[in-house]
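Worksheet for the structure shown next.
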Amino acid sequence: MRLLTHNMLSSNIKGVTNGFPLRLEIEKAVEKQVDFNVDFLKNMFVKIEWKALVDASRAMGYVDLPDQTEPSMLDSDEFLKKFHHALLELHLEEGALICPETDRRFPVNKGIPNMLLHEDEV
Amino acid sequence: MCGHVTVYPIRVKDIASSCVLRLLDYRKPEVESLAELFGAFDSSANHNSLEWRLPLHHHPDSPFHFVRLPSEDVARNIANRSILVKGIYEPWGEGSSYEELEEAIRAYPDEWKLPYLSSESTFKITVDSFGKVISFQEQNDRIRGLSYIPFKGRVNLRNPEHKFWLMETDNYGSNNGLPPIVQRRIFFGREVGAADRKLLPTYQLKSRTYLGPTAMDAEMAFLMANQALVTPGKLVYDPFVGTGSILIAASHFGAMTMGADIDIRVVRDGRGPDCNVWSNFKQYGLPMPISLLRADNNLPPWRPGLREVFDAIICDPPYGVRAGGRKSGGRKLLKGTVGPYTVPDDKRTDHIPSTAPYSLVECVHDLLDLAARMLVVGGRLVFFYPVLREDDSIDSHYPDHPCFKLVASCEQILSFRYSRVLLTMVKTGPYTEDIAESAKMKHLEFKENHLKWLEDGNLHSAVFSPADAQLGGASDSKSSKELKPKYRGKYV
């Protein structure tokens, strides 16, 4: 699971109002190289919850993302490379996503987050 | 440059005499989608359709069509990318006899012909007759008959700069199942672009490692990707990803892909470490999906504020005919036969939640709501929708949504009673609070009336029940069936 996915997901258990961002429980993290695509990054930049991405990347051990951003940074290759790396190349292989409100654990196995709810959570 | 360009969408299978004409309904929408993709339309124009013309005496399912395109580059791009077009040609002349053809070619302006006939160039002429094999001798005779065209270049059969085609249709007795050709028609033209014939053999399902029972065949998957205007760097989502066959086509065209499925065995495990969704992408040297996850389309786990993130959503939802759809919530729970069930804490980790059948109407409602929320404005939703063939006016039954405009609907007949229609919709307006609110109400209504919707939306029983149990009188359904040509969508 890449951090782009993490940035899009929330806990949708019935009654939960603050299901985002999910906390990361990391058993095994890997890096997977992805082709660099500037247009894609620029499109995604405006959709991303920045703080959640920064926190998640730090939890994964990558500390190079700045706390604050501004649109002019998209002209910087150096910034785009860091953004690319954090968004697409850090990969949670084994672990879990934890609901911030209920501590419900959504397991991640073989890189696949299991977001299916139990009967009593629907 | 040039005025009319002929689209000649026959795909010749293995040997020249065995033509495959299928997916006839899909041809024009595909060309129009690709025309839009390659910038054929003025962005201010409201209605993006091309000007089509049939050759004289040809019926609408003819393998030949004339279409007006703005430039040769657009035509070449369309031909190279298209699945159903065999080639696009600049027509130099046509006629009902070789005399008429000669007259037309002579009348075609020299300034458009001579640049392709110069002495430094190489060329090749191919003779093609639709529905009949012409002997080598006959082919040579016909080529020699073109000596009134001042070819100055050298012949090069392997790798010519310019390819010319002499194409003929006639009533040869057998018309490959198509309506009879009234009168012979002959075309001569210069090839502007041709289809990539390696694409489908490369991706055909029988060579793919990991397959499910409802994997989308390669031709259709690529066609869907074309309808969705997939280009490099776009983000494409399939909420019913299965073994990934649709995303493979999108990925071939350079898209970033994401997929979800409610069945964790399919999406996570496959049949082992070298036989799963990831390995399918690896097999073709395609970039891995950005994300695969297990999620329920009925209760998608996207964060509430997330909007307009996908460029296209392409899918084949489970409608319960070949594979049944499932959604969260226990079957008995939704039926009301058992009370709410709480999973004991010590069993939560490995608990396998039970799921309930997912009715067609609810599935489509959820898909449109998801697409309305998650597609960018201008993004496309491309999906299959099932129809019973007894229905005379299927058009009025297509799902609609205030955020979407239907761009194309192409029927593929699957059985005597059942077709699937590929719907292509474009998002034309934003997802407003009002739309979100009414979608939420509808979601709750589905939950309340789970059983009723299941019965109303049970396509499986309509498709597989005995014939006399069908809706409506037998005589009615018979007459409507006769109106539809039987060869459509089949191998002919």
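Residue numbering restarts at 1 in every chain; chains get A, B, ... in the order shown in the structure tokens, and ligands count up from 1 in that same order.
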Please build the interface table for chain A against chain B with a cut-off of 9 Å, listing for each qualifying residue the nearest atom pair and the distance in Å to one decimal; count only C-alpha atoms, order rows by chain and increasing number, and write it as JSON lines.
{"residue": "A:Met1", "atom": "CA", "partner": "B:Ser291", "partner_atom": "CA", "distance": 6.2}
{"residue": "A:Arg2", "atom": "CA", "partner": "B:Ser291", "partner_atom": "CA", "distance": 6.8}
{"residue": "A:Leu4", "atom": "CA", "partner": "B:Ile290", "partner_atom": "CA", "distance": 8.1}
{"residue": "A:Thr5", "atom": "CA", "partner": "B:Ser291", "partner_atom": "CA", "distance": 6.4}
{"residue": "A:Asn7", "atom": "CA", "partner": "B:Arg303", "partner_atom": "CA", "distance": 8.2}
{"residue": "A:Met8", "atom": "CA", "partner": "B:Trp302", "partner_atom": "CA", "distance": 5.6}
{"residue": "A:Leu9", "atom": "CA", "partner": "B:Trp302", "partner_atom": "CA", "distance": 4.6}
{"residue": "A:Ser10", "atom": "CA", "partner": "B:Arg303", "partner_atom": "CA", "distance": 4.7}
{"residue": "A:Ser11", "atom": "CA", "partner": "B:Pro301", "partner_atom": "CA", "distance": 6.3}
{"residue": "A:Asn12", "atom": "CA", "partner": "B:Pro301", "partner_atom": "CA", "distance": 5.6}
{"residue": "A:Ile13", "atom": "CA", "partner": "B:Pro301", "partner_atom": "CA", "distance": 8.9}
{"residue": "A:Gly19", "atom": "CA", "partner": "B:Arg303", "partner_atom": "CA", "distance": 7.5}
{"residue": "A:Phe20", "atom": "CA", "partner": "B:Arg303", "partner_atom": "CA", "distance": 6.5}
{"residue": "A:Pro21", "atom": "CA", "partner": "B:Arg303", "partner_atom": "CA", "distance": 8.3}
{"residue": "A:Val34", "atom": "CA", "partner": "B:Pro287", "partner_atom": "CA", "distance": 7.5}
{"residue": "A:Asp35", "atom": "CA", "partner": "B:Pro287", "partner_atom": "CA", "distance": 8.1}
{"residue": "A:Asn37", "atom": "CA", "partner": "B:Gly233", "partner_atom": "CA", "distance": 6.4}
{"residue": "A:Val38", "atom": "CA", "partner": "B:Gly233", "partner_atom": "CA", "distance": 8.5}
{"residue": "A:Asp39", "atom": "CA", "partner": "B:Gly233", "partner_atom": "CA", "distance": 6.7}
{"residue": "A:Phe40", "atom": "CA", "partner": "B:Gly233", "partner_atom": "CA", "distance": 5.2}
{"residue": "A:Leu41", "atom": "CA", "partner": "B:Gly233", "partner_atom": "CA", "distance": 8.8}
{"residue": "A:Asn43", "atom": "CA", "partner": "B:Val309", "partner_atom": "CA", "distance": 8.5}
{"residue": "A:Met44", "atom": "CA", "partner": "B:Val309", "partner_atom": "CA", "distance": 7.5}
{"residue": "A:Lys47", "atom": "CA", "partner": "B:Val309", "partner_atom": "CA", "distance": 6.8}
{"residue": "A:Ile48", "atom": "CA", "partner": "B:Leu306", "partner_atom": "CA", "distance": 8.6}
{"residue": "A:Leu88", "atom": "CA", "partner": "B:Ile290", "partner_atom": "CA", "distance": 7.3}
{"residue": "A:Arg105", "atom": "CA", "partner": "B:Thr349", "partner_atom": "CA", "distance": 8.1}
{"residue": "A:Pro107", "atom": "CA", "partner": "B:Thr349", "partner_atom": "CA", "distance": 8.5}
{"residue": "A:Asn109", "atom": "CA", "partner": "B:Arg268", "partner_atom": "CA", "distance": 7.6}
{"residue": "A:Lys110", "atom": "CA", "partner": "B:Arg268", "partner_atom": "CA", "distance": 6.6}
{"residue": "A:Gly111", "atom": "CA", "partner": "B:Arg268", "partner_atom": "CA", "distance": 8.0}
{"residue": "A:Ile112", "atom": "CA", "partner": "B:Leu293", "partner_atom": "CA", "distance": 5.1}
{"residue": "A:Pro113", "atom": "CA", "partner": "B:Leu293", "partner_atom": "CA", "distance": 5.2}
{"residue": "A:Asn114", "atom": "CA", "partner": "B:Arg294", "partner_atom": "CA", "distance": 4.8}
{"residue": "A:Met115", "atom": "CA", "partner": "B:Ala295", "partner_atom": "CA", "distance": 5.1}
{"residue": "A:Leu116", "atom": "CA", "partner": "B:Ala295", "partner_atom": "CA", "distance": 5.3}
{"residue": "A:Leu117", "atom": "CA", "partner": "B:Ser328", "partner_atom": "CA", "distance": 6.8}
{"residue": "A:His118", "atom": "CA", "partner": "B:Pro353", "partner_atom": "CA", "distance": 5.0}
{"residue": "A:Glu119", "atom": "CA", "partner": "B:Gly329", "partner_atom": "CA", "distance": 4.8}
{"residue": "A:Asp120", "atom": "CA", "partner": "B:Thr342", "partner_atom": "CA", "distance": 5.5}
{"residue": "A:Glu121", "atom": "CA", "partner": "B:Gly329", "partner_atom": "CA", "distance": 8.6}
{"residue": "A:Val122", "atom": "CA", "partner": "B:Gly329", "partner_atom": "CA", "distance": 6.4}
*Running DSSP on the backbone, which parts of region 90-181 of chain B land in helix (DSSP H, G or I), as a ChimeraX atom specification?*
/B:98-107,110-116,136-144
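If only C-alpha atoms are the atoms counted, then among B:Met216, B:Ile125, B:Met224, B:Leu229 the closest residue to Phe38 (chain B) is B:Leu229.
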*Go ahead and compute the interatomic distance for CA of Gly189 (chain B) and CA of Phe164 (chain B), in Å to one decimal.*
5.7 Å
*Test item, strand (DSSP E or B) assignment across chain A, answer as a ChimeraX atom specification*: /A:2,9,23-31,90-98,105-109,112-114
Take the residues from that selection and put them in a file with N, CA, C and O atoms, as a compact mmCIF listing (two decimals), in the first residue's frame.
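To be explicit, this is the file written out as result_36.txt:
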# COMPACT_ATOMS: atom_id res chain seq x y z
N ARG A 2 0.64 2.08 -0.99
CA ARG A 2 1.41 3.31 -1.09
C ARG A 2 0.75 4.41 -0.27
O ARG A 2 -0.43 4.32 0.07
N LEU A 9 -7.81 7.01 2.07
CA LEU A 9 -8.69 6.12 2.84
C LEU A 9 -9.05 6.69 4.20
O LEU A 9 -8.30 7.43 4.81
N ARG A 23 -3.97 5.71 11.37
CA ARG A 23 -2.59 5.55 11.86
C ARG A 23 -1.95 4.33 11.20
O ARG A 23 -2.63 3.38 10.87
N LEU A 24 -0.63 4.43 11.03
CA LEU A 24 0.07 3.32 10.39
C LEU A 24 0.68 2.41 11.44
O LEU A 24 1.35 2.87 12.36
N GLU A 25 0.44 1.12 11.32
CA GLU A 25 1.15 0.14 12.14
C GLU A 25 2.03 -0.63 11.17
O GLU A 25 1.53 -1.29 10.27
N ILE A 26 3.35 -0.45 11.33
CA ILE A 26 4.26 -0.96 10.29
C ILE A 26 5.00 -2.20 10.77
O ILE A 26 5.76 -2.15 11.73
N GLU A 27 4.77 -3.33 10.11
CA GLU A 27 5.56 -4.52 10.39
C GLU A 27 6.65 -4.66 9.34
O GLU A 27 7.77 -5.03 9.63
N LYS A 28 6.25 -4.38 8.09
CA LYS A 28 7.23 -4.50 7.00
C LYS A 28 6.94 -3.42 5.97
O LYS A 28 5.82 -3.32 5.46
N ALA A 29 7.97 -2.60 5.72
CA ALA A 29 7.82 -1.56 4.70
C ALA A 29 8.84 -1.82 3.60
O ALA A 29 9.93 -2.31 3.88
N VAL A 30 8.48 -1.55 2.37
CA VAL A 30 9.42 -1.73 1.27
C VAL A 30 9.37 -0.49 0.38
O VAL A 30 8.44 0.32 0.47
N GLU A 31 10.41 -0.35 -0.46
CA GLU A 31 10.38 0.74 -1.43
C GLU A 31 10.24 0.12 -2.81
O GLU A 31 10.92 -0.85 -3.14
N LEU A 90 7.05 4.69 -1.26
CA LEU A 90 7.05 4.04 0.06
C LEU A 90 5.84 3.13 0.11
O LEU A 90 4.74 3.52 -0.25
N HIS A 91 6.06 1.93 0.59
CA HIS A 91 5.03 0.91 0.43
C HIS A 91 4.90 0.11 1.72
O HIS A 91 5.86 -0.49 2.18
N LEU A 92 3.71 0.11 2.29
CA LEU A 92 3.45 -0.70 3.47
C LEU A 92 3.05 -2.10 3.02
O LEU A 92 2.01 -2.28 2.41
N GLU A 93 3.93 -3.06 3.30
CA GLU A 93 3.68 -4.42 2.81
C GLU A 93 2.88 -5.23 3.84
O GLU A 93 1.93 -5.90 3.50
N GLU A 94 3.33 -5.17 5.10
CA GLU A 94 2.61 -5.87 6.16
C GLU A 94 2.40 -4.92 7.32
O GLU A 94 3.30 -4.17 7.70
N GLY A 95 1.21 -4.95 7.91
CA GLY A 95 0.93 -4.06 9.03
C GLY A 95 -0.56 -3.81 9.12
O GLY A 95 -1.35 -4.72 8.85
N ALA A 96 -0.90 -2.59 9.49
CA ALA A 96 -2.33 -2.28 9.62
C ALA A 96 -2.56 -0.78 9.55
O ALA A 96 -1.64 0.02 9.71
N LEU A 97 -3.80 -0.44 9.28
CA LEU A 97 -4.27 0.94 9.36
C LEU A 97 -5.21 1.00 10.56
O LEU A 97 -6.11 0.16 10.68
N ILE A 98 -4.97 1.97 11.44
CA ILE A 98 -5.74 2.02 12.68
C ILE A 98 -6.70 3.21 12.65
O ILE A 98 -6.28 4.35 12.40
N ARG A 105 -8.59 -2.02 13.82
CA ARG A 105 -7.40 -2.33 13.05
C ARG A 105 -7.82 -2.86 11.67
O ARG A 105 -8.50 -3.88 11.59
N PHE A 106 -7.47 -2.15 10.62
CA PHE A 106 -7.71 -2.64 9.25
C PHE A 106 -6.40 -3.26 8.77
O PHE A 106 -5.42 -2.54 8.53
N PRO A 107 -6.34 -4.60 8.67
CA PRO A 107 -5.06 -5.23 8.36
C PRO A 107 -4.57 -4.93 6.94
O PRO A 107 -5.37 -4.73 6.02
N VAL A 108 -3.25 -4.87 6.81
CA VAL A 108 -2.62 -4.77 5.48
C VAL A 108 -1.74 -6.01 5.31
O VAL A 108 -0.78 -6.19 6.07
N ASN A 109 -2.11 -6.88 4.38
CA ASN A 109 -1.29 -8.07 4.10
C ASN A 109 -0.92 -8.08 2.64
O ASN A 109 -1.77 -7.79 1.79
N ILE A 112 -2.00 -5.26 0.56
CA ILE A 112 -3.42 -4.99 0.28
C ILE A 112 -4.15 -4.62 1.57
O ILE A 112 -4.29 -5.45 2.47
N PRO A 113 -4.63 -3.37 1.67
CA PRO A 113 -5.43 -3.03 2.85
C PRO A 113 -6.81 -3.68 2.78
O PRO A 113 -7.44 -3.68 1.72
N ASN A 114 -7.22 -4.24 3.89
CA ASN A 114 -8.54 -4.87 3.95
C ASN A 114 -9.50 -3.92 4.66
O ASN A 114 -9.53 -3.83 5.87
*For region 313-317 of chain B, work out the shell of residues within 7 Å, counting only C-alpha atoms and skipping chain neighbours fewer than 4 positions away, then give it as a PyMOL selection string.*
chain B and resi 236-240+371+380-384
Could you write out the selected residues, including all heavy atoms, as an mmCIF file, in the first residue's frame?
data_model
loop_
_atom_site.group_PDB
_atom_site.id
_atom_site.type_symbol
_atom_site.label_atom_id
_atom_site.label_comp_id
_atom_site.auth_asym_id
_atom_site.auth_seq_id
_atom_site.Cartn_x
_atom_site.Cartn_y
_atom_site.Cartn_z
ATOM 1 N N VAL B 236 -6.824 5.855 -13.202
ATOM 2 C CA VAL B 236 -7.991 5.064 -13.598
ATOM 3 C C VAL B 236 -8.338 4.082 -12.482
ATOM 4 O O VAL B 236 -7.460 3.400 -11.950
ATOM 5 C CB VAL B 236 -7.697 4.293 -14.905
ATOM 6 C CG1 VAL B 236 -8.855 3.376 -15.263
ATOM 7 C CG2 VAL B 236 -7.429 5.261 -16.049
ATOM 8 N N TYR B 237 -9.624 4.014 -12.146
ATOM 9 C CA TYR B 237 -10.075 3.173 -11.038
ATOM 10 C C TYR B 237 -11.080 2.141 -11.515
ATOM 11 O O TYR B 237 -11.958 2.447 -12.319
ATOM 12 C CB TYR B 237 -10.714 4.077 -9.979
ATOM 13 C CG TYR B 237 -11.248 3.356 -8.760
ATOM 14 C CD1 TYR B 237 -10.416 2.572 -7.966
ATOM 15 C CD2 TYR B 237 -12.586 3.476 -8.386
ATOM 16 C CE1 TYR B 237 -10.903 1.922 -6.840
ATOM 17 C CE2 TYR B 237 -13.082 2.834 -7.255
ATOM 18 C CZ TYR B 237 -12.232 2.057 -6.490
ATOM 19 O OH TYR B 237 -12.719 1.416 -5.376
ATOM 20 N N ASP B 238 -10.911 0.908 -11.025
ATOM 21 C CA ASP B 238 -11.899 -0.143 -11.271
ATOM 22 C C ASP B 238 -12.372 -0.675 -9.914
ATOM 23 O O ASP B 238 -11.627 -1.356 -9.219
ATOM 24 C CB ASP B 238 -11.273 -1.273 -12.108
ATOM 25 C CG ASP B 238 -12.251 -2.415 -12.362
ATOM 26 O OD1 ASP B 238 -13.374 -2.394 -11.813
ATOM 27 O OD2 ASP B 238 -11.893 -3.342 -13.122
ATOM 28 N N PRO B 239 -13.621 -0.359 -9.526
ATOM 29 C CA PRO B 239 -14.100 -0.792 -8.207
ATOM 30 C C PRO B 239 -14.429 -2.282 -8.125
ATOM 31 O O PRO B 239 -14.708 -2.784 -7.045
ATOM 32 C CB PRO B 239 -15.363 0.055 -7.996
ATOM 33 C CG PRO B 239 -15.813 0.458 -9.351
ATOM 34 C CD PRO B 239 -14.593 0.482 -10.236
ATOM 35 N N PHE B 240 -14.415 -2.990 -9.284
ATOM 36 C CA PHE B 240 -14.664 -4.443 -9.271
ATOM 37 C C PHE B 240 -13.500 -5.096 -10.008
ATOM 38 O O PHE B 240 -13.663 -5.739 -11.045
ATOM 39 C CB PHE B 240 -15.989 -4.755 -9.982
ATOM 40 C CG PHE B 240 -17.150 -3.946 -9.461
ATOM 41 C CD1 PHE B 240 -17.608 -2.825 -10.147
ATOM 42 C CD2 PHE B 240 -17.775 -4.295 -8.271
ATOM 43 C CE1 PHE B 240 -18.669 -2.066 -9.659
ATOM 44 C CE2 PHE B 240 -18.842 -3.546 -7.785
ATOM 45 C CZ PHE B 240 -19.292 -2.432 -8.474
ATOM 46 N N ALA B 371 -18.859 7.595 -8.868
ATOM 47 C CA ALA B 371 -18.266 8.260 -10.030
ATOM 48 C C ALA B 371 -18.536 9.765 -9.976
ATOM 49 O O ALA B 371 -17.658 10.571 -10.286
ATOM 50 C CB ALA B 371 -18.814 7.658 -11.320
ATOM 51 N N ARG B 380 -14.511 10.260 -17.466
ATOM 52 C CA ARG B 380 -15.493 9.329 -18.025
ATOM 53 C C ARG B 380 -15.728 8.106 -17.147
ATOM 54 O O ARG B 380 -14.798 7.571 -16.543
ATOM 55 C CB ARG B 380 -15.043 8.873 -19.411
ATOM 56 C CG ARG B 380 -15.240 9.966 -20.454
ATOM 57 C CD ARG B 380 -14.978 9.467 -21.843
ATOM 58 N NE ARG B 380 -15.416 10.436 -22.840
ATOM 59 C CZ ARG B 380 -15.631 10.142 -24.111
ATOM 60 N NH1 ARG B 380 -15.452 8.912 -24.539
ATOM 61 N NH2 ARG B 380 -16.023 11.068 -24.961
ATOM 62 N N LEU B 381 -16.979 7.695 -17.125
ATOM 63 C CA LEU B 381 -17.388 6.454 -16.485
ATOM 64 C C LEU B 381 -17.785 5.493 -17.605
ATOM 65 O O LEU B 381 -18.668 5.794 -18.396
ATOM 66 C CB LEU B 381 -18.577 6.711 -15.554
ATOM 67 C CG LEU B 381 -19.307 5.479 -15.014
ATOM 68 C CD1 LEU B 381 -18.401 4.638 -14.128
ATOM 69 C CD2 LEU B 381 -20.549 5.881 -14.232
ATOM 70 N N VAL B 382 -17.085 4.362 -17.673
ATOM 71 C CA VAL B 382 -17.357 3.381 -18.724
ATOM 72 C C VAL B 382 -17.676 2.058 -18.044
ATOM 73 O O VAL B 382 -16.858 1.538 -17.288
ATOM 74 C CB VAL B 382 -16.130 3.218 -19.652
ATOM 75 C CG1 VAL B 382 -16.385 2.157 -20.704
ATOM 76 C CG2 VAL B 382 -15.779 4.541 -20.313
ATOM 77 N N PHE B 383 -18.878 1.549 -18.253
ATOM 78 C CA PHE B 383 -19.249 0.302 -17.575
ATOM 79 C C PHE B 383 -20.301 -0.465 -18.350
ATOM 80 O O PHE B 383 -21.007 0.087 -19.185
ATOM 81 C CB PHE B 383 -19.749 0.588 -16.159
ATOM 82 C CG PHE B 383 -21.064 1.329 -16.082
ATOM 83 C CD1 PHE B 383 -22.222 0.673 -15.699
ATOM 84 C CD2 PHE B 383 -21.139 2.680 -16.387
ATOM 85 C CE1 PHE B 383 -23.437 1.354 -15.610
ATOM 86 C CE2 PHE B 383 -22.353 3.362 -16.310
ATOM 87 C CZ PHE B 383 -23.502 2.704 -15.918
ATOM 88 N N PHE B 384 -20.374 -1.758 -18.040
ATOM 89 C CA PHE B 384 -21.388 -2.597 -18.663
ATOM 90 C C PHE B 384 -22.670 -2.566 -17.858
ATOM 91 O O PHE B 384 -22.655 -2.580 -16.631
ATOM 92 C CB PHE B 384 -20.889 -4.040 -18.790
ATOM 93 C CG PHE B 384 -20.167 -4.269 -20.083
ATOM 94 C CD1 PHE B 384 -18.801 -4.495 -20.099
ATOM 95 C CD2 PHE B 384 -20.855 -4.231 -21.283
ATOM 96 C CE1 PHE B 384 -18.137 -4.691 -21.292
ATOM 97 C CE2 PHE B 384 -20.202 -4.423 -22.478
ATOM 98 C CZ PHE B 384 -18.842 -4.647 -22.482
#
